[in-house]
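**Q** This is the structure I have questions about; it appears just below.
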Amino acid sequence: MSAWRPHLACLALLGLMGVLAALGHRTTEELRLAAAAGPADERIQALHALLNRAEAAPGPGHDALVAELLASPEPLLREYALSIDLCRLSARDGQGVPIAQEAAVLGMPRPPCDGPWWLEYVAYRRKVGGKQVGGRRRLDLIELDWYRRALRGEALPEDEVFRYLVERVRDAHAGPIPRGQ
């Protein structure tokens with residue numbers, strides 16, 4: 001019987017975890033209510049849970065949600081609109097690029113290249129988008145420096161940022177996409 005004690009302890013722990021998960025589980029309707037209004041962090045938690053459930057599938061409702069979040073004055077909600085949760089469910093063009101997010105970040109003749117825009121650019125283009133939207137390499141030291149400065153609220157050298165991005169676009173079209181990315 002002593003050989004079964006560890007197994008029984010593991011089964012009891014598994015049962016306890018199941019009970020706690022069942023007690024803390026929120027229904028889809030509860031999550032929808034939490035996602036519709038309230039503080040930004042609570043809305044994001046509810047949206048994350050909703051968008052990562054098995055029934056979440058790409059559709060026009062997600063594009064409307066992206067538009068609503070991008071129009072929000074709350075920076076956390078705008079950043080969440082550029083997250084992988086919404087990028088993978090949004091409408092895409094023929095190359096797999098999320099249309100609404102691409103338009104929000106780069107859909108202007110000359111991006112502002114200021115601190116808030118740089119944070120959105122890095123979140124979308126480098127963290128989320130992957131090779132479909134140009135995130136082929138890790139952040140360079142200059143990009144990381146600009147990111148840290150933007151986080152601190154410091155001004156970025158907008159002309160230098162723009163020139164750097166134009167050079168990156170030229171470099172991106174030279175040579176094959178590296179393996180593993």
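Each chain in the structure tokens gets a letter, A, B and so on, in the order shown; residues start at 1 in every chain, and ligands are counted from 1 in the order they appear.
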Excluding Leu50 (chain A) and its own-chain neighbours fewer than 4 positions away, which residues fall within 8 Å of it when counting only C-alpha atoms? Please give them as a PDB file with N, CA, C and O atoms, in the first residue's frame.
**A**
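Printed below is selection_19.pdb as written:
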```
ATOM      1  N   THR A  28     -18.697  32.323 -21.223  1.00  0.00           N
ATOM      2  CA  THR A  28     -18.482  33.205 -22.357  1.00  0.00           C
ATOM      3  C   THR A  28     -19.244  34.508 -22.183  1.00  0.00           C
ATOM      4  O   THR A  28     -18.737  35.589 -22.506  1.00  0.00           O
ATOM      5  N   LEU A  31     -17.441  36.752 -19.732  1.00  0.00           N
ATOM      6  CA  LEU A  31     -16.261  37.336 -20.357  1.00  0.00           C
ATOM      7  C   LEU A  31     -16.636  38.436 -21.339  1.00  0.00           C
ATOM      8  O   LEU A  31     -15.963  39.460 -21.426  1.00  0.00           O
ATOM      9  N   ARG A  32     -17.713  38.247 -22.079  1.00  0.00           N
ATOM     10  CA  ARG A  32     -18.161  39.288 -23.020  1.00  0.00           C
ATOM     11  C   ARG A  32     -18.545  40.564 -22.281  1.00  0.00           C
ATOM     12  O   ARG A  32     -18.255  41.670 -22.740  1.00  0.00           O
ATOM     13  N   ALA A  46     -10.168  39.671 -20.160  1.00  0.00           N
ATOM     14  CA  ALA A  46     -11.372  39.004 -20.657  1.00  0.00           C
ATOM     15  C   ALA A  46     -11.261  38.732 -22.156  1.00  0.00           C
ATOM     16  O   ALA A  46     -11.630  37.636 -22.625  1.00  0.00           O
ATOM     17  N   ALA A  56     -13.221  30.432 -30.847  1.00  0.00           N
ATOM     18  CA  ALA A  56     -12.787  31.676 -31.502  1.00  0.00           C
ATOM     19  C   ALA A  56     -12.311  31.359 -32.909  1.00  0.00           C
ATOM     20  O   ALA A  56     -11.441  30.524 -33.114  1.00  0.00           O
TER      21      ALA A  56
END
```
**Q** Pull the closest atom pair for each residue of region 98-128 of chain A that gets at most 12 Å from region 163-169 of chain A, along with the distance in Å to one decimal, counting only C-alpha atoms, ordering rows by chain and then ascending residue number, as a tab-separated table.
**A**
```
residue	atom	partner	partner_atom	distance
A:Leu106	CA	A:Leu165	CA	11.3
A:Arg110	CA	A:Val166	CA	10.4
A:Pro111	CA	A:Leu165	CA	10.1
A:Pro112	CA	A:Leu165	CA	12.0
A:Cys113	CA	A:Leu165	CA	9.4
A:Trp118	CA	A:Leu165	CA	11.0
A:Tyr121	CA	A:Leu165	CA	10.8
A:Val122	CA	A:Leu165	CA	11.8
A:Arg125	CA	A:Leu165	CA	11.8
```
**Q** Please save C-alpha atoms of the selected residues as a PDB file, in the first residue's frame.
**A**
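Result file is selection-v5.pdb:
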```pdb
ATOM      1  CA  LEU A 106       1.968  51.776 -41.584  1.00  0.00           C
ATOM      2  CA  ARG A 110       5.016  58.981 -43.814  1.00  0.00           C
ATOM      3  CA  PRO A 111       4.571  57.522 -40.347  1.00  0.00           C
ATOM      4  CA  PRO A 112       4.983  59.985 -37.463  1.00  0.00           C
ATOM      5  CA  CYS A 113       8.109  58.133 -36.200  1.00  0.00           C
ATOM      6  CA  TRP A 118       7.551  53.503 -32.358  1.00  0.00           C
ATOM      7  CA  TYR A 121       5.533  49.633 -34.607  1.00  0.00           C
ATOM      8  CA  VAL A 122       7.771  47.408 -32.496  1.00  0.00           C
ATOM      9  CA  ARG A 125       5.929  44.620 -36.730  1.00  0.00           C
TER      10      ARG A 125
END
```
**Q** I'd like to know which of A:Thr27, A:Ala123, A:Ala54, A:Asp114 is closest to Ile84 (chain A), using only C-alpha atoms.
**A**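 Distance minimum relative to Ile84 (chain A) lands on A:Ala123.
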**Q** Just want the 8 Å neighbourhood of Leu70 (chain A), counted on only C-alpha atoms, with same-chain residues fewer than 2 positions away dropped. Output as a count of residues only.
**A** 9
**Q** Excluding Pro60 (chain A) and residues on its chain fewer than 5 positions from it, collect all residues at most 12 Å away from it, counting only C-alpha atoms, and give them as a VMD selection string.
**A** chain A and resid 65 to 67 86 89 to 92 100
**Q** Would you save the residues of that selection, restricted to all heavy atoms, as a short mmCIF file (atom, residue, chain, number, x, y, z; two decimals), in the first residue's frame?
**A**
```cif
data_model
loop_
_atom_site.label_atom_id
_atom_site.label_comp_id
_atom_site.auth_asym_id
_atom_site.auth_seq_id
_atom_site.Cartn_x
_atom_site.Cartn_y
_atom_site.Cartn_z
N LEU A 65 -13.85 44.75 -33.66
CA LEU A 65 -13.19 44.89 -32.37
C LEU A 65 -11.83 45.57 -32.51
O LEU A 65 -11.47 46.44 -31.72
CB LEU A 65 -13.02 43.51 -31.71
CG LEU A 65 -12.29 43.47 -30.39
CD1 LEU A 65 -13.01 44.29 -29.33
CD2 LEU A 65 -12.12 42.03 -29.92
N VAL A 66 -11.08 45.19 -33.55
CA VAL A 66 -9.78 45.83 -33.80
C VAL A 66 -9.96 47.32 -34.05
O VAL A 66 -9.24 48.14 -33.49
CB VAL A 66 -9.06 45.15 -35.00
CG1 VAL A 66 -7.86 45.98 -35.45
CG2 VAL A 66 -8.62 43.76 -34.63
N ALA A 67 -10.94 47.68 -34.86
CA ALA A 67 -11.20 49.10 -35.15
C ALA A 67 -11.58 49.85 -33.87
O ALA A 67 -11.10 50.96 -33.64
CB ALA A 67 -12.31 49.22 -36.19
N LEU A 86 -5.38 39.16 -31.66
CA LEU A 86 -6.24 39.76 -32.67
C LEU A 86 -5.66 39.66 -34.08
O LEU A 86 -6.41 39.54 -35.04
CB LEU A 86 -6.56 41.20 -32.31
CG LEU A 86 -7.61 41.30 -31.21
CD1 LEU A 86 -7.64 42.67 -30.59
CD2 LEU A 86 -8.97 40.92 -31.73
N LEU A 89 -6.72 36.48 -35.86
CA LEU A 89 -8.15 36.33 -36.14
C LEU A 89 -8.69 37.41 -37.07
O LEU A 89 -9.84 37.34 -37.49
CB LEU A 89 -8.94 36.35 -34.82
CG LEU A 89 -8.65 35.20 -33.87
CD1 LEU A 89 -9.33 35.42 -32.53
CD2 LEU A 89 -9.07 33.88 -34.46
N SER A 90 -7.90 38.41 -37.40
CA SER A 90 -8.36 39.51 -38.25
C SER A 90 -8.30 39.11 -39.72
O SER A 90 -7.62 38.16 -40.10
CB SER A 90 -7.47 40.74 -38.04
OG SER A 90 -7.59 41.20 -36.72
N ALA A 91 -9.00 39.90 -40.53
CA ALA A 91 -8.97 39.69 -41.98
C ALA A 91 -7.55 39.92 -42.48
O ALA A 91 -6.85 40.82 -42.02
CB ALA A 91 -9.94 40.65 -42.67
N ARG A 92 -7.14 39.08 -43.44
CA ARG A 92 -5.77 39.14 -43.95
C ARG A 92 -5.80 39.32 -45.47
O ARG A 92 -6.74 38.92 -46.13
CB ARG A 92 -5.02 37.86 -43.61
CG ARG A 92 -4.87 37.65 -42.14
CD ARG A 92 -4.30 36.28 -41.81
NE ARG A 92 -3.88 36.24 -40.44
CZ ARG A 92 -2.71 36.62 -40.01
NH1 ARG A 92 -1.81 37.06 -40.84
NH2 ARG A 92 -2.40 36.57 -38.73
N ALA A 100 -6.20 45.44 -41.02
CA ALA A 100 -6.48 46.58 -40.15
C ALA A 100 -5.25 47.00 -39.35
O ALA A 100 -4.96 48.20 -39.21
CB ALA A 100 -7.63 46.25 -39.20
#
```
**Q** Looking at only C-alpha atoms, which of A:Gly38, A:Pro157, A:Pro58, A:Pro116 is the one that sits closest to Pro98 (chain A)?
**A**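 With only C-alpha atoms as the atom set, the closest residue is A:Pro58.
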**Q** Can you pull out the residues contacting Tyr80 (chain A)? Cut-off 8 Å, using only C-alpha atoms, and skip same-chain residues under 4 positions away; I want them as a ChimeraX atom specification.
**A** /A:44,69,76,86
**Q** State, in Å with one decimal place, the distance from CA of Phe162 (chain A) to CA of Met108 (chain A).
**A**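 So the answer is 12.7 Å.
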**Q** Determine, counting only C-alpha atoms, which protein, DNA and RNA residues have an atom within 12 Å of an atom of Asp93 (chain A); residues of the same chain fewer than 3 positions away are not included. Present the result as a PyMOL selection string.
**A** chain A and resi 87+90+96-103+132-133
**Q** For the residues selected in the previous step, produce a file with C-alpha atoms as a tab-separated table (two decimals), in the first residue's frame.
**A**
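Printed below is out13.tsv as written:
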```
chain	number	residue	atom	x	y	z
A	87	CYS	CA	-3.75	39.60	-35.56
A	90	SER	CA	-8.36	39.51	-38.25
A	96	GLY	CA	-1.21	36.74	-44.69
A	97	VAL	CA	-0.78	40.32	-43.44
A	98	PRO	CA	-3.52	41.52	-41.04
A	99	ILE	CA	-5.18	44.36	-42.97
A	100	ALA	CA	-6.48	46.58	-40.15
A	101	GLN	CA	-3.32	46.37	-38.04
A	102	GLU	CA	-1.06	47.04	-41.02
A	103	ALA	CA	-3.13	50.07	-41.99
A	132	GLN	CA	4.72	38.22	-43.16
A	133	VAL	CA	4.93	41.86	-42.12
```
**Q** Closest to His62 (chain A) among A:Leu47, A:Ala155, A:Val161, A:Leu8, using only C-alpha atoms?
**A**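 Under the stated criterion, the closest residue is A:Leu47.
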**Q** Using CA of Arg26 (chain A) and CA of Ala49 (chain A) as the two end points, give the distance in Å to one decimal.
**A** 9.2 Å
**Q** Extract the full set of helix (DSSP H, G or I) residues from chain A according to DSSP on the backbone, and format it as number ranges by chain.
**A** A: 2-24, 28-36, 40-51, 60-70, 75-81, 84-87, 99-106, 115-128, 130-133, 141-152, 158-172
**Q** Looking at A:Asn52, A:Trp4, A:Ala64, A:Pro75, which one is nearest to Trp117 (chain A), with distances taken over only C-alpha atoms?
**A**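 Under the stated criterion, the closest residue is A:Pro75.
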**Q** So, with only C-alpha atoms as the atoms that count, which of A:Ala40, A:Leu151, A:Ala35, A:Leu13 lies closest to Glu74 (chain A)?
**A** A:Ala40
**Q** Please, what distance in Å, to one decimal, runs between CA of Leu156 (chain A) and CA of Leu82 (chain A)?
**A** 21.4 Å
**Q** From the options A:His25, A:Gly115, A:Glu42, A:Glu160, which residue's atoms come nearest to Arg148 (chain A), counting only C-alpha atoms?
**A**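 Closest to Arg148 (chain A), using only C-alpha atoms: A:Gly115.
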